[in-house]
Amino acid sequence: MRKIFLAPSLFGADPLNIAGSVDAMKNQFDWLHFDIMDGHFVKNLSFGPHFVDALRKKYPDAFIDTHLMIDSLDVILPLFMNKNSSSITIHAETEGHLLHASLNKIKSAGLKAGISICPPTKISSIDESVLEIADLILIMSVTPGFGAQKFIPSSLNKVRELVSLREAKKYHYLIEIDGGINENNIAEIALAGCDVIVAGSSLFNSNDPERWLINARKNIEEAMKNFDRP
Ligand code: DX5
Ligand code: ZN
């Protein structure tokens with residue numbers, strides 16, 4: 001069975017008790033997803049680089065998956081190149097012709113490099129030169145900027161498209177999905193071919209985030225077993 005990484009989005013956690021929220025998951029998570037918003041590319045603000053630095057200090061072995069939803073990458077990206085993130089994902093929409101170069105910058109700093117696309121952006125708009133070097137492709141399944149929105153079902157068509165492309169062209173990226181994921185749709189989302197599943201409000205608004213993750217994994221495994229069965 002292929003490995004699925006569960007990545008809690010700390011944007012959905014209590015901002016006054018982020019460490020407490022991480023600890024409450026009792027290591028049942030795989031990655032920690034961290035959303036950085038600039039008030040321009042998305043209509044909201046969240047954390048800055050010093051939050052990532054503090055998170056790294058407290059959780060030295062965690063895989064910190066930083067998602068940059070920001071316009072002025074030339075100013076902000078250097079602040080994230082200190083290796084406190086494990087991966088950095090940037091938006092294809094903000095980078096235009098600089099996308100390939102920016103991904104290479106992240107990779108040369110020794111970090112995993114991802115690209116993300118918003119719901120209206122098509123996979124076919126991402127050039128091969130970018131797909132072949134990306135370590136992660138993050139499909140936004142809601143309009144980025146806010147938690148607790150409704151999952152956009154057609155996002156799964158993009159996931160399937162990425163699975164076929166990866167197979168046909170021997171790309172190496174992991175497929176990540178972010179936005180509107182809950183206990184009821186997580187198994188179907190995993191079955192569509194996602195490798196990394198981000199969840200914020202559903203997980204952190206539950207009474208027991210540890211139990212949420214254990215149940216999610218169980219549901220996914222069950223669905224995959226049934227799917228594999230002839
Ligand atoms: C949205 C962020 C997400 C968000 C997901 O812009 O990128 O990571 O926290 O939250 P939920 O799971 O509540 O949709
Ligand atoms: Zn995110």
# chains A, B, ... in the order shown; residues from 1 in each chain; ligands from 1
$ residues_near_ligand --ligand "ligand 2" --cutoff "10 Å" --atoms "only C-alpha atoms and all ligand atoms" --output "short mmCIF file (atom, residue, chain, number, x, y, z; two decimals) with C-alpha atoms, in the first residue's frame"
data_model
loop_
_atom_site.label_atom_id
_atom_site.label_comp_id
_atom_site.auth_asym_id
_atom_site.auth_seq_id
_atom_site.Cartn_x
_atom_site.Cartn_y
_atom_site.Cartn_z
CA ALA A 7 -0.32 17.02 7.22
CA PRO A 8 -2.25 19.05 9.82
CA SER A 9 -2.50 22.72 8.83
CA LEU A 10 -1.49 24.77 11.87
CA PHE A 11 -3.48 27.70 10.52
CA GLY A 12 -6.48 25.77 11.85
CA HIS A 33 1.74 22.21 7.21
CA PHE A 34 2.40 25.90 7.80
CA ASP A 35 0.55 28.61 5.83
CA ILE A 36 2.19 31.96 5.22
CA MET A 37 -0.20 34.65 3.90
CA ASP A 65 5.84 21.87 5.01
CA THR A 66 5.75 25.63 4.43
CA HIS A 67 3.12 26.94 2.01
CA LEU A 68 3.87 30.49 0.84
CA MET A 69 0.77 32.33 -0.37
CA THR A 89 5.81 25.51 -1.76
CA SER A 116 0.79 25.13 -5.77
CA LEU A 138 -0.02 21.20 -4.14
CA ILE A 139 -3.56 21.35 -5.47
CA MET A 140 -5.63 23.97 -3.65
CA SER A 141 -9.09 22.48 -3.25
CA VAL A 142 -10.53 25.78 -1.91
CA PRO A 144 -6.57 29.97 -0.56
CA GLY A 145 -6.66 32.37 2.39
CA PHE A 146 -9.17 30.91 4.80
CA GLY A 147 -9.89 27.68 6.61
CA GLU A 176 -0.60 17.21 -2.12
CA ILE A 177 -4.10 18.56 -1.56
CA ASP A 178 -5.17 21.39 0.73
CA GLY A 179 -8.56 22.79 1.71
CA VAL A 198 -3.61 18.68 4.52
CA ALA A 199 -6.39 19.22 7.06
CA GLY A 200 -6.96 22.25 9.28
#
$ select_by_dssp --residues "chain A" --states "strand (DSSP E or B)" --output "PyMOL selection string"
chain A and resi 5-9+31-38+45+63-69+87-91+112-117+136-140+174-178+196-199
$ select_by_dssp --residues "range 34-184 of chain A" --states "helix (DSSP H, G or I)" --output "VMD selection string"
chain A and resid 49 to 58 73 to 80 92 to 108 123 to 125 128 to 131 155 to 169
$ closest_residue --among "A:Lys58, A:His172, A:Lys112, A:His100" --to "Val22 in chain A" --atoms "only C-alpha atoms"
A:Lys58
$ closest_residue --among "A:Glu132, A:Ser202, A:Lys225, A:Ala192" --to "Ala168 in chain A" --atoms "only C-alpha atoms"
A:Glu132
$ closest_residue --among "A:Asn27, A:Asn104, A:Thr121, A:Ser72" --to "Ala92 in chain A" --atoms "only C-alpha atoms"
A:Thr121
$ atom_distance --atom1 "CA of Gly193 in chain A" --atom2 "CA of Ser125 in chain A"
20.4 Å
$ closest_residue --among "A:Ile115, A:Val196, A:Ile4, A:Leu77" --to "Arg217 in chain A" --atoms "only C-alpha atoms"
A:Ile4
$ atom_distance --atom1 "atom 14 (O, counted along the ligand's line) of ligand 1" --atom2 "CA of Ser201 in chain A"
6.1 Å
$ closest_residue --among "A:Leu174, A:Ile197, A:Ala187, A:Met81" --to "Ala223 in chain A" --atoms "only C-alpha atoms"
A:Ala187
$ atom_distance --atom1 "CA of Phe204 in chain A" --atom2 "CA of Ala13 in chain A"
5.5 Å
$ residues_around --residues "Ile123 in chain A" --least-positions-apart "2" --cutoff "10 Å" --atoms "only C-alpha atoms" --output "list of chain:residue names"
A:Ile117, A:Pro120, A:Thr121, A:Ser125, A:Ile126, A:Asp127, A:Leu131, A:Ile137, A:Ile139, A:Asn157, A:Lys158, A:Val159, A:Glu161, A:Leu162, A:Leu165
$ residues_around --residues "Lys26 in chain A" --least-positions-apart "6" --cutoff "10 Å" --atoms "only C-alpha atoms" --output "number ranges by chain"
A: 209-211, 213
$ closest_residue --among "A:Ser21, A:Lys3, A:Asp38, A:Glu188" --to "Ser206 in chain A" --atoms "only C-alpha atoms"
A:Ser21
$ decode --residues "range 13-25 of chain A" --atoms "N, CA, C and O atoms" --output "short mmCIF file (atom, residue, chain, number, x, y, z; two decimals), in the first residue's frame"
data_model
loop_
_atom_site.label_atom_id
_atom_site.label_comp_id
_atom_site.auth_asym_id
_atom_site.auth_seq_id
_atom_site.Cartn_x
_atom_site.Cartn_y
_atom_site.Cartn_z
N ALA A 13 -5.17 25.65 13.89
CA ALA A 13 -4.98 25.40 15.33
C ALA A 13 -5.23 26.69 16.12
O ALA A 13 -5.31 27.77 15.54
N ASP A 14 -5.32 26.58 17.43
CA ASP A 14 -5.50 27.75 18.28
C ASP A 14 -4.21 28.59 18.20
O ASP A 14 -3.15 28.13 18.62
N PRO A 15 -4.28 29.84 17.67
CA PRO A 15 -3.05 30.62 17.49
C PRO A 15 -2.34 30.91 18.81
O PRO A 15 -1.14 31.21 18.82
N LEU A 16 -3.06 30.83 19.92
CA LEU A 16 -2.41 31.08 21.21
C LEU A 16 -1.84 29.80 21.82
O LEU A 16 -1.27 29.83 22.91
N ASN A 17 -2.02 28.70 21.12
CA ASN A 17 -1.56 27.43 21.69
C ASN A 17 -1.15 26.46 20.58
O ASN A 17 -1.61 25.32 20.53
N ILE A 18 -0.25 26.93 19.72
CA ILE A 18 0.14 26.09 18.59
C ILE A 18 0.90 24.85 19.06
O ILE A 18 0.61 23.73 18.64
N ALA A 19 1.83 25.05 19.97
CA ALA A 19 2.61 23.89 20.45
C ALA A 19 1.68 22.90 21.15
O ALA A 19 1.81 21.68 20.97
N GLY A 20 0.73 23.42 21.93
CA GLY A 20 -0.23 22.53 22.60
C GLY A 20 -1.03 21.73 21.59
O GLY A 20 -1.30 20.55 21.79
N SER A 21 -1.37 22.37 20.45
CA SER A 21 -2.14 21.68 19.41
C SER A 21 -1.30 20.59 18.75
O SER A 21 -1.79 19.52 18.42
N VAL A 22 -0.02 20.89 18.55
CA VAL A 22 0.87 19.87 17.96
C VAL A 22 1.01 18.70 18.94
O VAL A 22 0.87 17.53 18.57
N ASP A 23 1.23 19.02 20.20
CA ASP A 23 1.43 17.96 21.20
C ASP A 23 0.18 17.09 21.36
O ASP A 23 0.27 15.89 21.59
N ALA A 24 -1.00 17.73 21.18
CA ALA A 24 -2.26 16.98 21.35
C ALA A 24 -2.41 15.89 20.29
O ALA A 24 -3.17 14.95 20.46
N MET A 25 -1.66 16.01 19.20
CA MET A 25 -1.78 14.99 18.13
C MET A 25 -0.92 13.77 18.43
O MET A 25 -0.97 12.77 17.69
#
